[in-house]
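Coordinates from input21.cif are shown below (mmCIF, C-alpha atoms and all ligand atoms).
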data_run
loop_
_atom_site.label_atom_id
_atom_site.label_comp_id
_atom_site.auth_asym_id
_atom_site.auth_seq_id
_atom_site.Cartn_x
_atom_site.Cartn_y
_atom_site.Cartn_z
CA MET A 198 -17.86 -10.82 -1.17
CA MET A 199 -16.28 -11.55 2.18
CA HIS A 200 -16.97 -14.18 4.78
CA SER A 201 -16.10 -14.08 8.46
CA SER A 202 -13.26 -16.26 9.66
CA HIS A 203 -13.76 -19.54 11.43
CA HIS A 204 -10.64 -18.91 13.51
CA THR A 205 -12.62 -17.18 16.21
CA GLN A 206 -10.22 -18.24 18.94
CA ARG A 207 -7.30 -16.67 17.12
CA SER A 208 -6.65 -13.00 16.58
CA ILE A 209 -3.97 -10.53 15.58
CA ASN A 210 -2.43 -11.06 19.03
CA THR A 211 -1.86 -14.71 18.18
CA LEU A 212 -0.16 -13.68 14.97
CA ILE A 213 2.02 -11.16 16.78
CA GLN A 214 3.09 -13.80 19.27
CA GLN A 215 4.01 -16.17 16.44
CA ALA A 216 6.03 -13.44 14.72
CA ARG A 217 7.92 -12.74 17.95
CA THR A 218 9.11 -16.34 18.13
CA PHE A 219 9.58 -16.92 14.40
CA HIS A 220 13.35 -16.65 14.37
CA GLU A 221 13.71 -19.17 17.15
CA ARG A 222 11.18 -21.59 15.69
CA ALA A 223 12.67 -21.37 12.19
CA THR A 224 16.25 -21.78 13.33
CA LEU A 225 15.49 -24.75 15.54
CA HIS A 226 13.10 -26.45 13.11
CA ALA A 227 13.88 -30.15 13.31
CA GLU A 228 13.34 -31.10 9.66
CA SER A 229 14.32 -28.00 7.70
CA PRO A 230 15.86 -25.20 9.73
CA ILE A 231 16.12 -21.91 7.85
CA ASP A 232 19.62 -20.64 7.11
CA PHE A 233 19.02 -16.90 7.28
CA GLN A 234 22.57 -15.99 6.34
CA GLN A 235 22.26 -17.96 3.13
CA LEU A 236 19.00 -16.16 2.31
CA ALA A 237 20.79 -12.85 2.75
CA ASP A 238 23.15 -13.79 -0.08
CA GLY A 239 20.35 -13.61 -2.63
CA GLN A 240 17.32 -15.37 -4.07
CA SER A 241 16.90 -17.82 -6.89
CA PRO A 242 13.22 -18.82 -6.82
CA HIS A 243 11.98 -21.73 -8.91
CA ALA A 244 8.77 -20.08 -10.02
CA LEU A 245 6.63 -16.96 -10.11
CA PHE A 246 3.19 -17.60 -8.61
CA ILE A 247 0.47 -15.17 -9.64
CA THR A 248 -2.36 -15.59 -7.17
CA CYS A 249 -5.37 -13.82 -5.74
CA SER A 250 -4.98 -11.85 -2.52
CA ASP A 251 -7.54 -14.19 -0.93
CA SER A 252 -6.38 -15.27 2.54
CA ARG A 253 -7.43 -18.86 1.90
CA VAL A 254 -4.95 -19.25 -0.93
CA VAL A 255 -1.45 -19.92 0.42
CA PRO A 256 0.98 -21.05 -2.30
CA ALA A 257 3.84 -21.87 0.06
CA LEU A 258 1.57 -24.03 2.21
CA ILE A 259 0.23 -26.01 -0.74
CA THR A 260 3.65 -26.54 -2.33
CA ASN A 261 5.50 -26.93 0.96
CA ALA A 262 7.91 -24.28 -0.28
CA VAL A 263 10.50 -22.71 1.99
CA PRO A 264 11.77 -19.11 1.89
CA GLY A 265 13.53 -18.41 -1.41
CA GLU A 266 11.57 -20.86 -3.56
CA LEU A 267 8.49 -18.92 -4.65
CA PHE A 268 8.30 -15.39 -6.03
CA GLU A 269 4.73 -14.15 -5.60
CA LEU A 270 2.47 -11.60 -7.20
CA ARG A 271 -0.85 -11.28 -5.46
CA THR A 272 -3.65 -9.15 -6.85
CA ALA A 273 -7.42 -8.97 -6.51
CA GLY A 274 -8.52 -11.84 -8.73
CA ASN A 275 -4.98 -12.94 -9.76
CA VAL A 276 -5.18 -10.53 -12.65
CA VAL A 277 -2.32 -10.10 -15.12
CA PRO A 278 -2.56 -6.60 -16.58
CA LEU A 279 -2.05 -6.30 -20.31
CA TYR A 280 1.53 -5.33 -21.10
CA ARG A 281 1.49 -1.56 -21.53
CA PRO A 282 4.98 -0.06 -21.19
CA GLU A 283 3.45 3.41 -21.45
CA ARG A 284 1.42 2.77 -18.27
CA PRO A 285 3.80 1.53 -15.57
CA ASN A 286 2.23 -0.51 -12.78
CA GLY A 287 3.38 -2.64 -9.89
CA GLU A 288 2.07 -5.88 -11.35
CA ALA A 289 4.06 -5.52 -14.58
CA ALA A 290 7.14 -4.50 -12.60
CA THR A 291 6.93 -7.64 -10.47
CA ILE A 292 6.53 -9.86 -13.53
CA GLU A 293 9.37 -8.14 -15.37
CA TYR A 294 11.71 -8.51 -12.40
CA ALA A 295 10.91 -12.21 -12.01
CA VAL A 296 11.56 -12.85 -15.68
CA GLU A 297 14.50 -10.59 -16.47
CA VAL A 298 16.42 -10.53 -13.19
CA LEU A 299 15.48 -13.70 -11.33
CA ALA A 300 15.11 -15.69 -14.55
CA VAL A 301 12.35 -17.92 -13.23
CA SER A 302 11.79 -20.95 -15.44
CA ASP A 303 8.10 -21.33 -14.64
CA ILE A 304 5.12 -19.05 -14.09
CA VAL A 305 1.99 -20.39 -12.42
CA VAL A 306 -1.27 -18.46 -12.68
CA TYR A 307 -3.08 -19.83 -9.68
CA GLY A 308 -6.82 -19.16 -9.59
CA HIS A 309 -9.18 -20.45 -6.93
CA SER A 310 -12.79 -21.43 -6.36
CA HIS A 311 -15.18 -19.08 -4.54
CA CYS A 312 -13.16 -16.07 -5.79
CA GLY A 313 -14.75 -12.79 -4.73
CA ALA A 314 -13.30 -10.83 -7.63
CA VAL A 315 -14.28 -13.23 -10.39
CA GLY A 316 -17.66 -13.77 -8.71
CA ALA A 317 -18.36 -10.05 -8.66
CA VAL A 318 -17.80 -9.89 -12.41
CA ALA A 319 -19.71 -13.10 -13.12
CA ARG A 320 -22.71 -11.97 -11.05
CA ARG A 321 -22.39 -8.38 -12.27
CA ASP A 322 -22.41 -7.16 -8.66
CA ASP A 323 -23.04 -3.49 -7.95
CA LEU A 324 -19.61 -2.22 -6.85
CA ALA A 325 -20.50 1.47 -6.57
CA ALA A 326 -19.34 1.53 -2.92
CA LEU A 327 -15.98 0.04 -3.94
CA PRO A 328 -14.74 2.38 -6.64
CA ALA A 329 -11.17 1.04 -6.59
CA VAL A 330 -12.34 -2.55 -6.90
CA GLU A 331 -14.83 -1.63 -9.59
CA GLY A 332 -12.20 0.23 -11.55
CA TRP A 333 -9.67 -2.58 -11.29
CA LEU A 334 -12.14 -5.29 -12.31
CA ALA A 335 -13.68 -3.21 -15.07
CA SER A 336 -10.32 -2.34 -16.52
CA GLU A 337 -8.70 -5.72 -16.14
CA ILE A 338 -10.88 -8.73 -15.37
CA ALA A 339 -14.07 -7.69 -17.08
CA VAL A 340 -12.28 -6.99 -20.32
CA GLY A 341 -10.89 -10.48 -20.35
CA LEU A 342 -14.02 -12.30 -19.30
CA ASP A 343 -16.91 -10.43 -20.82
CA GLN A 344 -15.96 -8.25 -23.71
CA GLU A 345 -13.09 -9.98 -25.45
CA LYS A 346 -14.78 -13.36 -25.36
CA PRO A 347 -18.54 -12.97 -25.15
CA GLY A 348 -20.27 -16.17 -24.19
CA THR A 349 -17.41 -17.64 -22.19
CA MET A 350 -18.96 -16.64 -18.88
CA PRO A 351 -21.41 -19.23 -17.55
CA PRO A 352 -24.89 -17.70 -17.38
CA CYS A 353 -25.59 -18.86 -13.80
CA PRO A 354 -22.32 -19.33 -11.97
CA GLY A 355 -22.50 -21.50 -8.86
CA PRO A 356 -20.74 -20.55 -5.63
CA GLU A 357 -17.62 -22.46 -6.61
CA LEU A 358 -17.25 -20.48 -9.87
CA ALA A 359 -15.08 -23.25 -11.33
CA ASP A 360 -15.86 -22.57 -15.00
CA ALA A 361 -15.59 -18.80 -14.67
CA VAL A 362 -12.32 -18.89 -12.73
CA GLN A 363 -10.74 -21.48 -15.00
CA GLN A 364 -11.60 -19.42 -18.08
CA HIS A 365 -10.28 -16.37 -16.29
CA VAL A 366 -6.99 -18.11 -15.45
CA LEU A 367 -6.49 -19.08 -19.09
CA THR A 368 -7.11 -15.48 -20.12
CA GLN A 369 -4.38 -14.33 -17.72
CA LEU A 370 -2.03 -16.94 -19.17
CA GLU A 371 -2.65 -15.52 -22.64
CA ARG A 372 -1.86 -12.07 -21.32
CA LEU A 373 1.53 -13.21 -20.08
CA HIS A 374 2.41 -13.80 -23.72
CA THR A 375 2.08 -10.06 -24.33
CA TYR A 376 5.18 -9.51 -22.19
CA PRO A 377 8.08 -9.52 -24.66
CA GLY A 378 10.54 -11.30 -22.39
CA ILE A 379 8.05 -14.09 -21.69
CA GLN A 380 6.97 -14.57 -25.28
CA GLN A 381 10.55 -15.08 -26.41
CA ARG A 382 11.49 -17.47 -23.60
CA VAL A 383 8.39 -19.61 -24.06
CA ALA A 384 9.02 -19.81 -27.80
CA GLU A 385 12.59 -20.93 -27.15
CA GLY A 386 11.47 -23.54 -24.63
CA ARG A 387 13.26 -21.83 -21.75
CA MET A 388 10.09 -21.01 -19.84
CA ARG A 389 6.84 -22.81 -19.09
CA LEU A 390 3.49 -21.27 -18.21
CA HIS A 391 1.01 -23.14 -16.02
CA ALA A 392 -2.70 -22.59 -15.33
CA TRP A 393 -3.74 -23.98 -11.96
CA PHE A 394 -7.06 -23.98 -10.13
CA TYR A 395 -7.37 -24.48 -6.40
CA GLU A 396 -10.53 -25.84 -4.79
CA ILE A 397 -10.94 -24.04 -1.49
CA HIS A 398 -13.63 -26.48 -0.36
CA THR A 399 -11.48 -29.61 -0.91
CA GLY A 400 -7.82 -28.54 -0.99
CA ALA A 401 -7.40 -30.14 -4.43
CA VAL A 402 -5.19 -28.51 -7.07
CA LEU A 403 -6.10 -28.88 -10.75
CA ALA A 404 -3.96 -27.97 -13.75
CA HIS A 405 -5.00 -27.10 -17.28
CA ARG A 406 -4.12 -29.84 -19.76
CA PRO A 407 -3.98 -28.26 -23.21
CA GLN A 408 -4.29 -31.61 -25.00
CA ALA A 409 -7.38 -32.55 -23.00
CA GLY A 410 -8.73 -29.02 -23.17
CA THR A 411 -9.71 -29.06 -19.53
CA PHE A 412 -8.47 -28.81 -15.94
CA LEU A 413 -7.52 -32.13 -14.34
CA PRO A 414 -5.98 -33.08 -10.98
CA LEU A 415 -2.36 -31.98 -10.81
ZN ZN B 1 -9.88 -14.56 -5.40
#

Could you render the structure as structure tokens?
Amino acid sequence: MMHSSHHTQRSINTLIQQARTFHERATLHAESPIDFQQLADGQSPHALFITCSDSRVVPALITNAVPGELFELRTAGNVVPLYRPERPNGEAATIEYAVEVLAVSDIVVYGHSHCGAVGAVARRDDLAALPAVEGWLASEIAVGLDQEKPGTMPPCPGPELADAVQQHVLTQLERLHTYPGIQQRVAEGRMRLHAWFYEIHTGAVLAHRPQAGTFLPL
């Protein structure tokens, strides 16, 4: 599921060095210096991004967002758990906080090509050595992709997994409607839900167009 990094010349030490100088670099940034004191006063993000944990997917980089603009939920396979108030979980708590407290106007479910989680389900990988991953995917992703909608999974998914991931993203969007606060806001036109698909191999971002019934360039 994993591939080695191409950044062979960089390491955790590079990252540590960058973190040491972050305050200075951010404060002195020529175009958009960060006002840390203003950030301390609170946050009012424009959107909740629900993305995979994959290191190649970086919402703030793609949107050029600065601190305070994006609220993020990252899970293996950008999964949205079904709303089950009787089974509290961190994913639902993050979504509820974004909706009820931060009052985000937009939620973006942001899937990506070459996704290890979706690929494992699509290929029916043996995950016996990864019991936590297997349990998560069996309980969340697999239900959405395989059992609820038989036939939606392409029989021979290619490495890019575009069809499988796009179907998966739409399933997660449907699940957001099971959250009572979201359902009401969408119905009243106060909130919009977006299904995006990121091509790791090109950097292109596609969005689902309901009227066209497909994903097209953003
Ligand atoms: Zn992924």

Task: Nearest to ligand ZN 1 (chain B) by atom-to-atom distance, counting all atoms listed in the file, from A:Leu236, A:Ile231, A:Leu358, A:Leu373 - done: A:Leu358

Open item on the list: Taking all atoms listed in the file into account, which residues have an atom no farther than 12 Å from ligand ZN 1 (chain B)? I'd like them as a count of residues only.
Closed with: 44

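Straight-line separation from atom CA of A:Thr375 to atom CA of A:Leu279: 6.9 Å.
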
Task: Selected residue, from A:His243, A:Arg207, A:His374, A:Arg320, that lies nearest to A:Pro278 when counting all atoms listed in the file - done: A:His374

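Across the structure, atom CA of A:Leu415 and atom CA of A:Pro377 are spaced 28.4 Å apart.
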
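The shell of residues at most 8 Å from A:Val277, with only C-alpha atoms counted and near chain neighbours (fewer than 5 positions) removed, consists of Ile247, Glu288, Ala289, Glu337, Gln369, Leu370, Arg372 and Leu373 of chain A.
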
The centre and edge lengths of an axis-aligned box containing all atoms of stretch 307-324 of chain A present in the file, extended by 6 Å on each side, are to be given in Å to one decimal, as lines of an AutoDock Vina configuration file.
center_x = -13.1
center_y = -11.8
center_z = -8.8
size_x = 32.0
size_y = 31.2
size_z = 20.6

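Contact shell of A:Gln240 at 12 Å (all atoms listed in the file; same-chain neighbours under 2 positions omitted): Phe233, Gln234, Gln235, Leu236, Ala237, Asp238, Pro242, His243, Ala244, Val263, Pro264, Gly265, Glu266, Leu267, Phe268, Ala295, Val298, Leu299, Ala300 and Val301 of chain A.
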
TODO: Could you check how far atom CA of A:Ala262 sits from atom CA of A:Gly239, in Å to one decimal?
DONE: 16.6 Å

Open item on the list: If we count all atoms listed in the file and set the cut-off at 12 Å, which residues sit around A:Glu221, ignoring sequence neighbours fewer than 4 positions away in its own chain? Please answer as a ChimeraX atom specification.
Closed with: /A:215-217,225-227,230-233

List the spatial neighbours of A:His391 as a PDB file with C-alpha atoms, in the frame of the given file - criterion: any atom at most 8 Å away, all atoms listed in the file, same-chain residues fewer than 2 positions off excluded.
ATOM      1  CA  ASP A 303       8.100 -21.330 -14.640  1.00  0.00           C
ATOM      2  CA  ILE A 304       5.120 -19.050 -14.090  1.00  0.00           C
ATOM      3  CA  VAL A 305       1.990 -20.390 -12.420  1.00  0.00           C
ATOM      4  CA  VAL A 306      -1.270 -18.460 -12.680  1.00  0.00           C
ATOM      5  CA  LEU A 370      -2.030 -16.940 -19.170  1.00  0.00           C
ATOM      6  CA  ARG A 389       6.840 -22.810 -19.090  1.00  0.00           C
ATOM      7  CA  TRP A 393      -3.740 -23.980 -11.960  1.00  0.00           C
ATOM      8  CA  ALA A 404      -3.960 -27.970 -13.750  1.00  0.00           C
ATOM      9  CA  HIS A 405      -5.000 -27.100 -17.280  1.00  0.00           C
TER      10      HIS A 405
END

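Nearest-residue note for A:Asp360: choosing from A:Asn286, A:His398, A:Thr411, A:Ser336, the minimum distance belongs to A:Thr411, counting all atoms listed in the file.
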